[in-house]
Amino acid sequence: MRKASIRRTCAALAAVTSLALAVTACGGTTQEDVKDEGASAATTGKADPNAELKTGLTVGFLPKQVNNPYFTSADKGGEAALKELGSSYKEVGPSSATDTAGQVSYVNTLTQQQVDAMAVSAQDPGALCTSLKQAMDNDIKVVTYDSDTNPECRNAFVSQASAEDLGRTEVQLLAEQIDYKGEIAILSAAQTATNQNIWIDFMKKELEDPKYKDIKLVKVAYGDDDAQKSFQQTQGLLQEYPNLKGIISPTTVGIKAAAQYLSGSKYKGKVKLTGLGTPNDMRKYVKNGTVDAFELWDPAKLGDLAARAAVALVSGQITGKEGETFKAGDKTYTIGKDGVISLGKPTVFDAENIDQYNF
Ligand code: RAM
C-alpha cells in the first residue's frame, strides 16, 4: 500500500491515538504521496534485488527496553548503519520489559510520525499485532529484531541466531559443567517474551535426550529483565531448591544479576551458571570463578543488520519473502522461512577468549 493510503487508515489511527496527533499525521496530500505513486518493487510486492538503496529515510528503533545495555549496543549498531546509508535514526521505547501497552503506543507514535520503517523487539508475540499491521497499512516497513511478533504482523524478522541452536547449546553448556547430573532451573526475562520462550522450548526438547536422564529441570523463574527482581528470583531459587546444581539465564539482565548473587554467596563456583550475557557484564564473574562459559552474539551487529534490512525493504530490494537476497555490508543474506533473516552463529565466551571482546 502507498503513502496515499494513509488517508484511508486515518480513521482507524484516530481510534487508537489522540485525535489531534492523528489529524496532524493525516493532514492531506504530501510530497510523499506523489513521490511514491511511481510503484516500487516493494509496493507492488515484487522484490527487485538491483533497486537502488534509498537515502533520506527515517527508521525508528523500538527495543523491548531502552535502559538495557544490550539494546543500547544493538540500537547503536542500527544508528551507525543508517548514518552510513544516508538515512536517519530515532529510538523510542519503554523502560520496563513488561510494558506491552507502552510498546503499542510507541508503535502508534512512530506511525503518526510517518517513519519509513521501524525495527521492533517485541515484548509479547501478539500484543503489538494490530498496531504493527496498521503501520504496514500506512506503507511503513516493519522489521522485528531480537524478539519476534507473529509473522503476518511484520515484513521480516532479523534473528540473532537459530533459536534451536541457542536453546540446545545452553543446555549442552550447563550439562557439561554439572557432569550431566542434578537439579537445574531457568531464570528468564518477561513471561511473555517471544525470544526467551522459544529458546526455553528448545531447552526442554534438548533435555528429552536420554543423555540428560539424571538432570531435572525444577523451575522456570522470571526476572522480567529487571536487575533487582532477577537477583531476588535467583536467591529464591536457591532457597526453594537447596540442591540446585545449575541455572540457565537466557537474558543479559538475568545472567548478570544471577552472577552477582552467586558470587557473593556460599554457592559461588558450586552452583553453575550459564546462558546469554555480554562479555563486558560477565568478565569479572568469569575471572572470579562464578561462571565458566556463556554465549551471545554481537548486539551491535544485530542492530546493524536490522537497519540494513529495513532500508532494503523500503527500497524494494526485498519484500520479506523466502529466498530473496540482499547485501548488508560485505555479506549477502538470504531470507528464510517465515521472513527470517539470521545473523549467524553465537560465540561462546570463557576465560580463554573473553578478553578479546568489548561489548
Ligand atoms: C536481554 C533481552 C533480549 C535478549 C538478551 C539475550 O537483554 O531479553 O531480548 O535477546 O537479553
# chains A, B, ... in the order shown; residues from 1 in each chain; ligands from 1

$ residues_near_ligand --ligand "ligand 1" --cutoff "8 Å" --atoms "only C-alpha atoms and all ligand atoms" --output "list of chain:residue names"
A:Lys64, A:Asn68, A:Pro69, A:Tyr70, A:Phe71, A:Ala97, A:Ser121, A:Asp146, A:Ser147, A:Gln160, A:Ala189, A:Ala190, A:Ala193, A:Asn195, A:Gln196, A:Asp225, A:Pro250, A:Thr251, A:Thr252, A:Val253, A:Gly254, A:Leu276, A:Gly277, A:Leu296

$ select_by_dssp --residues "segment 110-286 of chain A" --states "strand (DSSP E or B)" --output "PyMOL selection string"
chain A and resi 117-120+141-145+156-159+182-188+215-222+244-249+272-276

$ atom_distance --atom1 "atom CA of Ile248 of chain A" --atom2 "atom CA of Ala175 of chain A"
10.3 Å

$ residues_around --residues "Gly269 of chain A" --least-positions-apart "4" --cutoff "9 Å" --atoms "only C-alpha atoms" --output "number ranges by chain"
A: 262-263, 273, 288-292

$ residues_around --residues "Gln235 of chain A" --least-positions-apart "3" --cutoff "10 Å" --atoms "only C-alpha atoms" --output "MDAnalysis selection string"
chainID A and resid 229:232 238:240 258 261:262 265

$ atom_distance --atom1 "atom CA of Ile335 of chain A" --atom2 "atom CA of Asn358 of chain A"
29.3 Å

$ closest_residue --among "A:Asn243, A:Thr169, A:Ala156, A:Thr192" --to "Lys337 of chain A" --atoms "only C-alpha atoms"
A:Ala156

$ select_by_dssp --residues "segment 177-309 of chain A" --states "alpha helix (DSSP H)" --output "VMD selection string"
chain A and resid 177 194 to 207 227 to 240 252 to 263 279 to 287 299 to 309

$ write_last_selection --atoms "C-alpha atoms" --output "mmCIF file, in the first residue's frame"
data_model
loop_
_atom_site.group_PDB
_atom_site.id
_atom_site.type_symbol
_atom_site.label_atom_id
_atom_site.label_comp_id
_atom_site.auth_asym_id
_atom_site.auth_seq_id
_atom_site.Cartn_x
_atom_site.Cartn_y
_atom_site.Cartn_z
ATOM 1 C CA GLN A 177 29.529 -28.101 33.736
ATOM 2 C CA THR A 194 8.852 -14.335 22.381
ATOM 3 C CA ASN A 195 12.585 -14.942 22.119
ATOM 4 C CA GLN A 196 13.164 -16.375 25.607
ATOM 5 C CA ASN A 197 10.056 -18.582 25.352
ATOM 6 C CA ILE A 198 11.172 -20.152 22.070
ATOM 7 C CA TRP A 199 14.655 -20.771 23.466
ATOM 8 C CA ILE A 200 13.158 -22.371 26.603
ATOM 9 C CA ASP A 201 11.008 -24.676 24.444
ATOM 10 C CA PHE A 202 14.166 -25.866 22.680
ATOM 11 C CA MET A 203 15.954 -26.289 26.040
ATOM 12 C CA LYS A 204 13.128 -28.605 27.120
ATOM 13 C CA LYS A 205 13.372 -30.538 23.829
ATOM 14 C CA GLU A 206 17.125 -30.927 24.290
ATOM 15 C CA LEU A 207 16.552 -32.224 27.833
ATOM 16 C CA ALA A 227 18.136 -6.421 37.787
ATOM 17 C CA GLN A 228 16.658 -6.381 41.274
ATOM 18 C CA LYS A 229 13.867 -8.818 40.528
ATOM 19 C CA SER A 230 16.307 -11.194 38.780
ATOM 20 C CA PHE A 231 18.639 -11.060 41.801
ATOM 21 C CA GLN A 232 15.753 -11.865 44.157
ATOM 22 C CA GLN A 233 14.500 -14.658 41.917
ATOM 23 C CA THR A 234 17.963 -16.264 41.990
ATOM 24 C CA GLN A 235 18.018 -16.036 45.773
ATOM 25 C CA GLY A 236 14.509 -17.571 45.850
ATOM 26 C CA LEU A 237 15.548 -20.454 43.592
ATOM 27 C CA LEU A 238 18.387 -21.402 45.926
ATOM 28 C CA GLN A 239 16.135 -21.178 48.957
ATOM 29 C CA GLU A 240 13.461 -23.328 47.351
ATOM 30 C CA THR A 252 21.712 -10.461 29.624
ATOM 31 C CA VAL A 253 19.989 -8.781 32.574
ATOM 32 C CA GLY A 254 19.147 -12.089 34.277
ATOM 33 C CA ILE A 255 22.548 -13.742 33.935
ATOM 34 C CA LYS A 256 24.338 -10.666 35.282
ATOM 35 C CA ALA A 257 22.046 -10.441 38.323
ATOM 36 C CA ALA A 258 22.325 -14.194 38.964
ATOM 37 C CA ALA A 259 26.128 -13.979 38.751
ATOM 38 C CA GLN A 260 26.086 -11.061 41.177
ATOM 39 C CA TYR A 261 24.048 -13.079 43.666
ATOM 40 C CA LEU A 262 26.059 -16.290 43.309
ATOM 41 C CA SER A 263 29.429 -14.565 43.508
ATOM 42 C CA PRO A 279 31.337 -10.206 27.788
ATOM 43 C CA ASN A 280 31.653 -6.783 29.461
ATOM 44 C CA ASP A 281 28.975 -7.607 32.063
ATOM 45 C CA MET A 282 30.286 -11.101 32.717
ATOM 46 C CA ARG A 283 34.073 -10.640 32.590
ATOM 47 C CA LYS A 284 34.529 -10.249 36.332
ATOM 48 C CA TYR A 285 32.383 -13.283 37.116
ATOM 49 C CA VAL A 286 34.368 -15.435 34.711
ATOM 50 C CA LYS A 287 37.605 -14.183 36.262
ATOM 51 C CA PRO A 299 24.240 -6.963 19.660
ATOM 52 C CA ALA A 300 25.630 -4.108 17.531
ATOM 53 C CA LYS A 301 25.799 -6.434 14.532
ATOM 54 C CA LEU A 302 22.165 -7.395 15.115
ATOM 55 C CA GLY A 303 21.115 -3.717 15.133
ATOM 56 C CA ASP A 304 23.239 -3.075 12.044
ATOM 57 C CA LEU A 305 21.522 -5.892 10.153
ATOM 58 C CA ALA A 306 18.057 -4.768 11.300
ATOM 59 C CA ALA A 307 18.730 -1.260 9.959
ATOM 60 C CA ARG A 308 20.060 -2.555 6.639
ATOM 61 C CA ALA A 309 17.130 -4.956 6.238
#

$ residues_around --residues "Val218 of chain A" --least-positions-apart "6" --cutoff "10 Å" --atoms "only C-alpha atoms" --output "list in words"
Gly182, Glu183, Ile184, Ala185, Ile186, Leu237, Glu240, Tyr241 and Leu244 of chain A
